[in-house]
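File shown: input11.cif (mmCIF, C-alpha atoms and all ligand atoms).
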data_structure
loop_
_atom_site.label_atom_id
_atom_site.label_comp_id
_atom_site.auth_asym_id
_atom_site.auth_seq_id
_atom_site.Cartn_x
_atom_site.Cartn_y
_atom_site.Cartn_z
CA MET A 21 75.62 27.17 6.35
CA MET A 22 73.19 28.68 8.78
CA ASN A 23 73.43 32.44 8.97
CA GLY A 24 71.93 35.05 11.28
CA ARG A 25 68.78 35.20 9.18
CA THR A 26 68.07 31.47 8.72
CA ARG A 27 68.57 30.52 12.38
CA PRO A 28 65.52 32.42 13.75
CA ALA A 29 63.45 31.18 10.79
CA LEU A 30 64.41 27.57 11.54
CA LEU A 31 63.72 28.02 15.23
CA GLY A 32 60.31 29.47 14.41
CA LEU A 33 59.54 26.50 12.18
CA LEU A 34 60.61 24.06 14.91
CA THR A 35 58.47 25.86 17.52
CA PHE A 36 55.56 25.45 15.14
CA LEU A 37 56.24 21.81 14.24
CA LEU A 38 57.37 20.38 17.57
CA PRO A 39 53.94 20.25 19.26
CA MET A 40 52.55 18.64 16.11
CA LEU A 41 55.31 16.04 16.12
CA LEU A 42 54.83 15.28 19.81
CA TRP A 43 51.06 15.34 19.71
CA ALA A 44 49.62 12.03 18.53
CA GLU A 45 45.99 10.97 18.44
CA PRO A 46 45.08 8.65 21.34
CA GLN A 47 44.67 5.02 20.25
CA THR A 48 41.01 4.05 19.96
CA LEU A 49 40.16 0.85 21.84
CA VAL A 50 36.77 -0.70 21.13
CA PHE A 51 34.63 -2.35 23.83
CA SER A 52 31.65 -4.07 22.22
CA HIS A 53 28.67 -5.51 24.07
CA VAL A 54 25.04 -6.39 23.47
CA VAL A 55 23.12 -5.17 26.52
CA SER A 56 21.82 -1.73 27.42
CA PRO A 57 24.03 0.80 29.24
CA ASN A 58 21.86 0.45 32.35
CA THR A 59 22.96 -3.12 33.17
CA PRO A 60 25.85 -4.62 35.14
CA LYS A 61 27.92 -4.96 31.95
CA GLY A 62 26.96 -1.53 30.62
CA LYS A 63 27.87 0.14 33.92
CA MET A 64 31.10 -1.81 34.23
CA ALA A 65 32.18 -0.78 30.71
CA GLU A 66 31.48 2.90 31.46
CA MET A 67 33.52 2.85 34.64
CA PHE A 68 36.39 1.11 32.85
CA LYS A 69 36.31 3.77 30.11
CA SER A 70 36.28 6.66 32.55
CA MET A 71 39.13 5.23 34.67
CA ILE A 72 41.37 4.56 31.66
CA GLU A 73 40.66 7.92 30.06
CA ARG A 74 41.27 9.74 33.32
CA ARG A 75 44.61 8.05 33.88
CA LEU A 76 45.84 7.42 30.33
CA GLY A 77 43.58 9.66 28.26
CA ASP A 78 46.44 11.20 26.30
CA ARG A 79 47.14 7.79 24.80
CA TYR A 80 43.94 5.76 24.87
CA GLU A 81 40.31 6.43 24.10
CA ILE A 82 37.77 3.67 24.85
CA VAL A 83 34.77 3.60 22.51
CA ILE A 84 31.88 1.55 23.89
CA HIS A 85 29.36 0.00 21.52
CA ALA A 86 26.28 -1.12 23.51
CA ASN A 87 23.08 -2.89 22.43
CA ALA A 88 24.90 -4.89 19.72
CA ASP A 89 25.08 -1.71 17.64
CA LEU A 90 28.47 -2.79 16.27
CA MET A 91 28.17 -6.59 16.28
CA ASP A 92 26.53 -9.46 18.15
CA ASP A 93 28.42 -11.60 20.65
CA ASP A 94 29.32 -14.44 18.29
CA GLU A 95 31.06 -11.96 16.03
CA ALA A 96 32.63 -10.14 19.00
CA VAL A 97 34.35 -13.34 20.15
CA THR A 98 35.84 -13.81 16.66
CA ALA A 99 36.73 -10.10 16.44
CA ILE A 100 38.63 -10.37 19.74
CA ALA A 101 40.45 -13.52 18.55
CA GLU A 102 41.45 -11.69 15.36
CA GLY A 103 42.40 -8.46 17.18
CA ARG A 104 39.76 -6.34 15.38
CA ILE A 105 38.30 -5.09 18.68
CA HIS A 106 39.97 -4.84 22.07
CA PHE A 107 37.46 -5.66 24.82
CA ALA A 108 34.20 -7.58 25.14
CA ALA A 109 32.37 -9.43 27.89
CA PRO A 110 30.23 -12.11 26.23
CA SER A 111 28.26 -14.47 28.38
CA LEU A 112 30.06 -17.68 29.27
CA SER A 113 27.71 -19.55 26.93
CA LYS A 114 29.14 -17.83 23.86
CA PHE A 115 32.54 -19.51 23.61
CA GLU A 116 31.35 -22.75 22.04
CA GLY A 117 33.68 -22.45 19.04
CA TYR A 118 36.77 -21.84 21.20
CA THR A 119 36.62 -24.10 24.27
CA GLN A 120 34.42 -26.86 25.61
CA GLN A 121 35.43 -26.25 29.22
CA LEU A 122 33.25 -23.18 29.75
CA LYS A 123 30.19 -25.31 29.09
CA VAL A 124 30.39 -26.09 32.81
CA PHE A 125 28.60 -22.79 33.40
CA ASP A 126 25.66 -23.92 31.24
CA LEU A 127 24.93 -27.11 33.19
CA PRO A 128 21.48 -26.63 34.77
CA PHE A 129 21.17 -26.50 38.56
CA LEU A 130 24.93 -26.92 39.06
CA PHE A 131 25.27 -23.77 41.17
CA PRO A 132 22.81 -23.29 44.05
CA ASP A 133 23.42 -19.54 44.24
CA MET A 134 25.72 -16.74 43.07
CA ASP A 135 28.08 -17.25 46.03
CA ALA A 136 28.80 -20.72 44.68
CA VAL A 137 29.35 -19.28 41.18
CA ASN A 138 31.74 -16.73 42.62
CA ARG A 139 33.65 -19.31 44.67
CA PHE A 140 34.11 -21.48 41.58
CA GLN A 141 35.23 -18.55 39.40
CA GLN A 142 37.81 -17.52 42.00
CA SER A 143 39.05 -21.09 42.60
CA PRO A 144 42.26 -22.29 40.87
CA THR A 145 40.09 -24.24 38.40
CA GLY A 146 37.93 -21.20 37.63
CA GLN A 147 40.96 -18.97 37.22
CA ALA A 148 42.62 -21.48 34.88
CA LEU A 149 39.59 -21.22 32.57
CA LEU A 150 40.50 -17.57 31.91
CA THR A 151 43.53 -18.70 29.93
CA SER A 152 41.87 -21.71 28.28
CA MET A 153 41.53 -19.89 24.94
CA GLU A 154 44.89 -18.12 24.86
CA SER A 155 46.23 -20.26 22.02
CA ARG A 156 43.30 -18.97 19.95
CA GLY A 157 44.11 -15.32 20.68
CA ILE A 158 41.51 -14.81 23.45
CA LEU A 159 42.62 -13.92 26.95
CA GLY A 160 40.18 -13.77 29.87
CA LEU A 161 40.93 -10.94 32.30
CA GLY A 162 38.18 -11.63 34.83
CA TYR A 163 34.59 -12.67 35.43
CA LEU A 164 31.60 -10.38 35.65
CA HIS A 165 28.29 -11.42 37.19
CA ASN A 166 24.83 -10.89 35.83
CA GLY A 167 22.96 -13.50 37.81
CA LEU A 168 20.84 -16.63 37.79
CA LYS A 169 18.51 -17.32 34.86
CA GLN A 170 14.74 -17.52 35.07
CA LEU A 171 12.28 -19.13 32.69
CA THR A 172 9.63 -17.00 31.00
CA ALA A 173 6.86 -17.94 28.56
CA SER A 174 3.80 -16.63 26.82
CA ARG A 175 1.53 -19.16 28.55
CA PRO A 176 1.29 -20.34 32.17
CA PHE A 177 3.63 -23.12 33.31
CA THR A 178 4.60 -24.72 36.59
CA ARG A 179 5.79 -28.23 35.63
CA PRO A 180 8.48 -29.31 33.11
CA ASN A 181 5.83 -30.90 30.85
CA ASP A 182 4.04 -27.56 30.52
CA LEU A 183 6.77 -26.32 28.19
CA ALA A 184 6.36 -29.18 25.71
CA GLY A 185 5.94 -27.92 22.17
CA LEU A 186 6.90 -24.30 22.92
CA ARG A 187 9.68 -22.65 20.94
CA PHE A 188 12.34 -21.35 23.36
CA ARG A 189 15.12 -18.95 22.42
CA THR A 190 18.54 -20.09 23.63
CA MET A 191 22.00 -18.67 23.38
CA ASN A 192 24.15 -20.49 20.86
CA SER A 193 25.25 -23.31 23.19
CA ASP A 194 24.53 -26.97 22.63
CA VAL A 195 24.08 -27.61 26.38
CA LEU A 196 21.31 -25.01 26.44
CA ILE A 197 19.74 -26.41 23.28
CA LYS A 198 19.69 -29.91 24.81
CA GLN A 199 18.32 -28.54 28.07
CA PHE A 200 15.14 -27.45 26.28
CA GLU A 201 15.00 -30.62 24.22
CA LEU A 202 14.93 -32.59 27.50
CA LEU A 203 11.76 -30.64 28.32
CA ASN A 204 10.30 -31.54 24.90
CA ALA A 205 10.40 -27.88 23.95
CA GLU A 206 11.97 -26.67 20.73
CA ALA A 207 15.21 -24.77 21.15
CA VAL A 208 15.81 -21.83 18.80
CA PRO A 209 19.36 -20.43 19.06
CA MET A 210 19.30 -16.71 18.37
CA ALA A 211 21.38 -13.57 18.94
CA PHE A 212 20.31 -11.48 21.92
CA SER A 213 19.45 -8.46 19.74
CA GLU A 214 16.80 -10.50 17.89
CA VAL A 215 14.95 -11.84 20.93
CA TYR A 216 12.56 -8.95 21.54
CA GLY A 217 11.38 -8.93 17.90
CA ALA A 218 10.99 -12.72 17.84
CA LEU A 219 8.87 -12.60 21.02
CA ALA A 220 6.76 -9.73 19.70
CA GLU A 221 6.09 -11.61 16.46
CA GLN A 222 5.49 -14.84 18.40
CA ARG A 223 8.15 -16.69 16.43
CA ILE A 224 9.25 -17.92 19.87
CA GLN A 225 7.08 -18.40 22.93
CA GLY A 226 9.68 -18.56 25.68
CA GLN A 227 13.21 -17.70 26.75
CA GLU A 228 15.55 -17.93 29.72
CA ASN A 229 17.40 -14.95 31.10
CA THR A 230 18.34 -12.97 34.20
CA TRP A 231 15.99 -10.53 35.93
CA SER A 232 18.18 -7.68 34.69
CA ASN A 233 17.96 -8.75 31.02
CA ILE A 234 14.24 -9.57 31.18
CA TYR A 235 13.61 -6.12 32.61
CA SER A 236 16.08 -3.97 30.63
CA GLN A 237 15.13 -5.55 27.29
CA ALA A 238 11.39 -5.37 28.09
CA PHE A 239 10.98 -9.09 27.32
CA TYR A 240 8.17 -9.03 29.90
CA GLU A 241 5.98 -7.15 27.42
CA HIS A 242 5.51 -10.44 25.57
CA GLN A 243 6.28 -12.91 28.37
CA PRO A 244 3.67 -12.47 31.10
CA TYR A 245 4.49 -15.82 32.78
CA MET A 246 7.73 -16.22 34.71
CA MET A 247 9.08 -18.76 37.15
CA ILE A 248 11.71 -18.18 39.81
CA SER A 249 13.67 -21.14 38.54
CA ASN A 250 17.26 -19.98 39.20
CA HIS A 251 18.15 -22.98 37.06
CA GLY A 252 21.30 -21.68 35.43
CA VAL A 253 23.86 -18.92 35.50
CA LEU A 254 24.43 -16.05 33.09
CA ASP A 255 27.80 -14.53 33.82
CA TYR A 256 30.45 -13.03 31.57
CA MET A 257 34.13 -13.32 30.83
CA LEU A 258 35.89 -10.01 30.20
CA ILE A 259 38.11 -10.82 27.25
CA THR A 260 40.83 -9.14 25.22
CA ASN A 261 43.10 -10.07 22.34
CA SER A 262 46.24 -11.80 23.70
CA ALA A 263 48.66 -10.08 21.28
CA PHE A 264 47.21 -6.63 22.05
CA TRP A 265 47.45 -7.30 25.79
CA ASN A 266 50.99 -8.66 25.66
CA GLY A 267 52.04 -5.74 23.47
CA LEU A 268 51.12 -3.16 26.13
CA SER A 269 53.97 -1.76 28.20
CA GLU A 270 54.16 -3.21 31.68
CA ALA A 271 53.13 0.12 33.20
CA ASP A 272 50.07 0.42 30.95
CA ARG A 273 49.08 -3.19 31.55
CA HIS A 274 49.21 -2.49 35.24
CA GLU A 275 46.88 0.52 34.79
CA PHE A 276 44.47 -1.54 32.67
CA ARG A 277 44.47 -4.34 35.25
CA PHE A 278 43.74 -1.92 38.05
CA ALA A 279 40.90 -0.24 36.12
CA LEU A 280 39.45 -3.64 35.25
CA GLU A 281 39.64 -4.89 38.80
CA MET A 282 37.81 -1.81 40.08
CA SER A 283 35.19 -1.78 37.34
CA LEU A 284 34.50 -5.52 37.61
CA LYS A 285 33.94 -5.07 41.36
CA TYR A 286 31.56 -2.23 40.61
CA GLY A 287 29.77 -4.24 37.89
CA ASN A 288 29.35 -7.15 40.30
CA ALA A 289 27.80 -4.87 42.91
CA VAL A 290 25.41 -3.53 40.23
CA ALA A 291 24.55 -7.13 39.29
CA THR A 292 23.63 -8.02 42.86
CA ALA A 293 21.46 -4.92 43.24
CA LYS A 294 19.75 -5.36 39.86
CA SER A 295 19.00 -9.03 40.45
CA THR A 296 16.92 -8.01 43.45
CA ASN A 297 15.50 -4.71 42.19
CA ASP A 298 14.54 -5.76 38.67
CA LYS A 299 12.81 -8.86 40.06
CA VAL A 300 10.80 -6.67 42.41
CA GLU A 301 9.91 -4.32 39.54
CA LEU A 302 8.63 -7.26 37.50
CA GLU A 303 6.68 -8.72 40.44
CA ARG A 304 4.97 -5.36 40.88
CA MET A 305 3.72 -5.22 37.30
CA LYS A 306 0.02 -5.77 36.95
CA ASN A 307 -0.04 -8.20 34.03
CA ILE A 308 2.97 -10.24 35.04
CA SER A 309 2.72 -13.48 37.00
CA VAL A 310 5.92 -14.55 38.76
CA TYR A 311 5.50 -18.11 40.01
CA GLU A 312 7.58 -19.32 42.94
CA PRO A 313 7.83 -23.12 42.85
CA SER A 314 8.02 -25.17 46.05
CA ALA A 315 11.22 -27.13 46.73
CA ASP A 316 9.47 -30.31 45.53
CA GLU A 317 8.28 -28.68 42.33
CA LEU A 318 11.76 -27.34 41.64
CA ALA A 319 13.15 -30.84 42.18
CA THR A 320 11.07 -32.11 39.23
CA TRP A 321 12.75 -29.52 36.96
CA GLN A 322 16.11 -30.53 38.31
CA THR A 323 15.43 -34.22 37.66
CA ALA A 324 14.37 -33.43 34.10
CA MET A 325 17.47 -31.38 33.27
CA GLN A 326 20.23 -32.97 35.32
CA PRO A 327 21.13 -35.82 32.88
CA LEU A 328 23.19 -33.15 31.10
CA TRP A 329 25.78 -33.29 33.90
CA THR A 330 26.83 -36.81 32.92
CA ASP A 331 26.25 -36.29 29.19
CA TYR A 332 28.89 -33.52 29.18
CA GLU A 333 31.32 -34.93 31.74
CA ASP A 334 33.92 -36.09 29.20
CA LEU A 335 33.71 -33.01 27.00
CA ILE A 336 33.96 -30.47 29.83
CA GLY A 337 36.31 -32.49 32.04
CA GLU A 338 35.25 -34.34 35.18
CA HIS A 339 37.66 -32.35 37.39
CA ILE A 340 36.06 -29.06 36.27
CA ILE A 341 32.53 -30.26 37.05
CA GLN A 342 33.73 -31.61 40.40
CA ALA A 343 35.35 -28.27 41.30
CA ALA A 344 32.12 -26.46 40.40
CA ARG A 345 30.08 -28.86 42.54
CA GLN A 346 32.53 -28.46 45.38
CA ALA A 347 32.03 -24.67 45.25
CA GLY A 348 28.35 -25.31 45.89
CA ARG A 349 29.12 -27.07 49.18
CA PRO A 350 31.39 -24.72 51.11
C1 LIG B 401 21.97 -13.40 26.05
O1 LIG B 401 22.33 -13.59 24.87
O2 LIG B 401 20.85 -13.70 26.48
C2 LIG B 401 22.96 -12.75 27.00
O3 LIG B 401 24.23 -13.26 26.75
C3 LIG B 401 22.98 -11.27 26.83
C4 LIG B 401 23.96 -10.64 27.80
O4 LIG B 401 25.04 -10.27 27.36
O5 LIG B 401 23.61 -10.53 28.97
#

Any chance you could give the structure as structure tokens?
Ligand code: LMR
Amino acid sequence: MMNGRTRPALLGLLTFLLPMLLWAEPQTLVFSHVVSPNTPKGKMAEMFKSMIERRLGDRYEIVIHANADLMDDDEAVTAIAEGRIHFAAPSLSKFEGYTQQLKVFDLPFLFPDMDAVNRFQQSPTGQALLTSMESRGILGLGYLHNGLKQLTASRPFTRPNDLAGLRFRTMNSDVLIKQFELLNAEAVPMAFSEVYGALAEQRIQGQENTWSNIYSQAFYEHQPYMMISNHGVLDYMLITNSAFWNGLSEADRHEFRFALEMSLKYGNAVATAKSTNDKVELERMKNISVYEPSADELATWQTAMQPLWTDYEDLIGEHIIQAARQAGRP
């Protein structure tokens, strides 16, 4: 029986314990990526973190790992599928083990410009690709731009034959590997975090990447020759683990969607600005030569690489390639 003495003691204990019972640590959500914070993806991730923590900070904390300091992209895709991390935005070339359909983004010269890329991503076919890996635990929540890829090398080049015999780093995608094989170059698949070291030690003599990545990773220090080739696209899919996503309450999912929508828009604006600005920065550098091919010269590169469109038609799906081509002719 509670008496006059035990009641205040119990109340005191409850007053002490209640805040502890109600107060729970926010859940840590990990966003892993491989580029520097000062890139479209780095900026997008930071905005996403700050929006979520401002609105739902009592329950969620977003921890961003940049520069592959937690894991590289191949591992991040598996970690998302297995629910070990919560968000990542690997380039569209990094899903080889999970779907063949995204290889459409690796086909050289398929998209004439970023508007075409954007139109395709927003089309019903592009949107359907976001859920193409759901049965494997990976859900796409949106696309993020980086930009068109450029070719860089340690020696001068203007024609496709000039790359013969050079070792070129590629992302781990068989379309990209074959693209360099068609140029009689040697393709060396490698994680992004290893590229700078491999260039510095001359284990590779060339690579393809966006202006933003060439600049922010200082690849130019060992790649003085560049060509405005715009031959391929390097964009990202923002992915999460399907079970984690479906386990969120509807209200929280709505908040996450809103924060993602805003931060992807912001990241895309950063991508557009960086594509222009980082190119200009590189063009201004004294020891860098940025070659602008004529339309005829570019056509010879296109002819050399384009057989991949038909080689991959069955694997990717003809309707997907057609929809992408359609987006290039508005
Ligand atoms: C690369 O591996 O070159 C890119 O995917 C890096 C990135 O995330 O932009």

Nearby polymer residues, ligand LIG 401 (chain B), at most 7 Å, only C-alpha atoms and all ligand atoms, as a ChimeraX atom specification: /A:53-55,110-111,166,191,211-212,229,233,254

I'd like the box whose edges run along x, y and z of the file and which contains every listed atom of segment 248-262 of chain A, padded by 3 Å per side; could you state its centre and edge lengths in Å, one decimal, as AutoDock Vina command-line options?
--center_x 29.0 --center_y -16.1 --center_z 31.1 --size_x 40.5 --size_y 19.8 --size_z 23.5

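Distances to Leu335 of chain A were evaluated for A:Asn87, A:Asn266, A:Thr48, A:Gln120 using only C-alpha atoms, and the minimum falls at A:Gln120.
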
Radius query 8 Å about (33.2, -2.5, 20.6), atoms used: all atoms listed in the file, as a PyMOL selection string: chain A and resi 49-53+83-86+90-91+96+105-108

Pick from A:Thr145, A:Thr178, A:Thr172, A:Ser213 nearest to Gly226 of chain A, counting only C-alpha atoms: A:Thr172
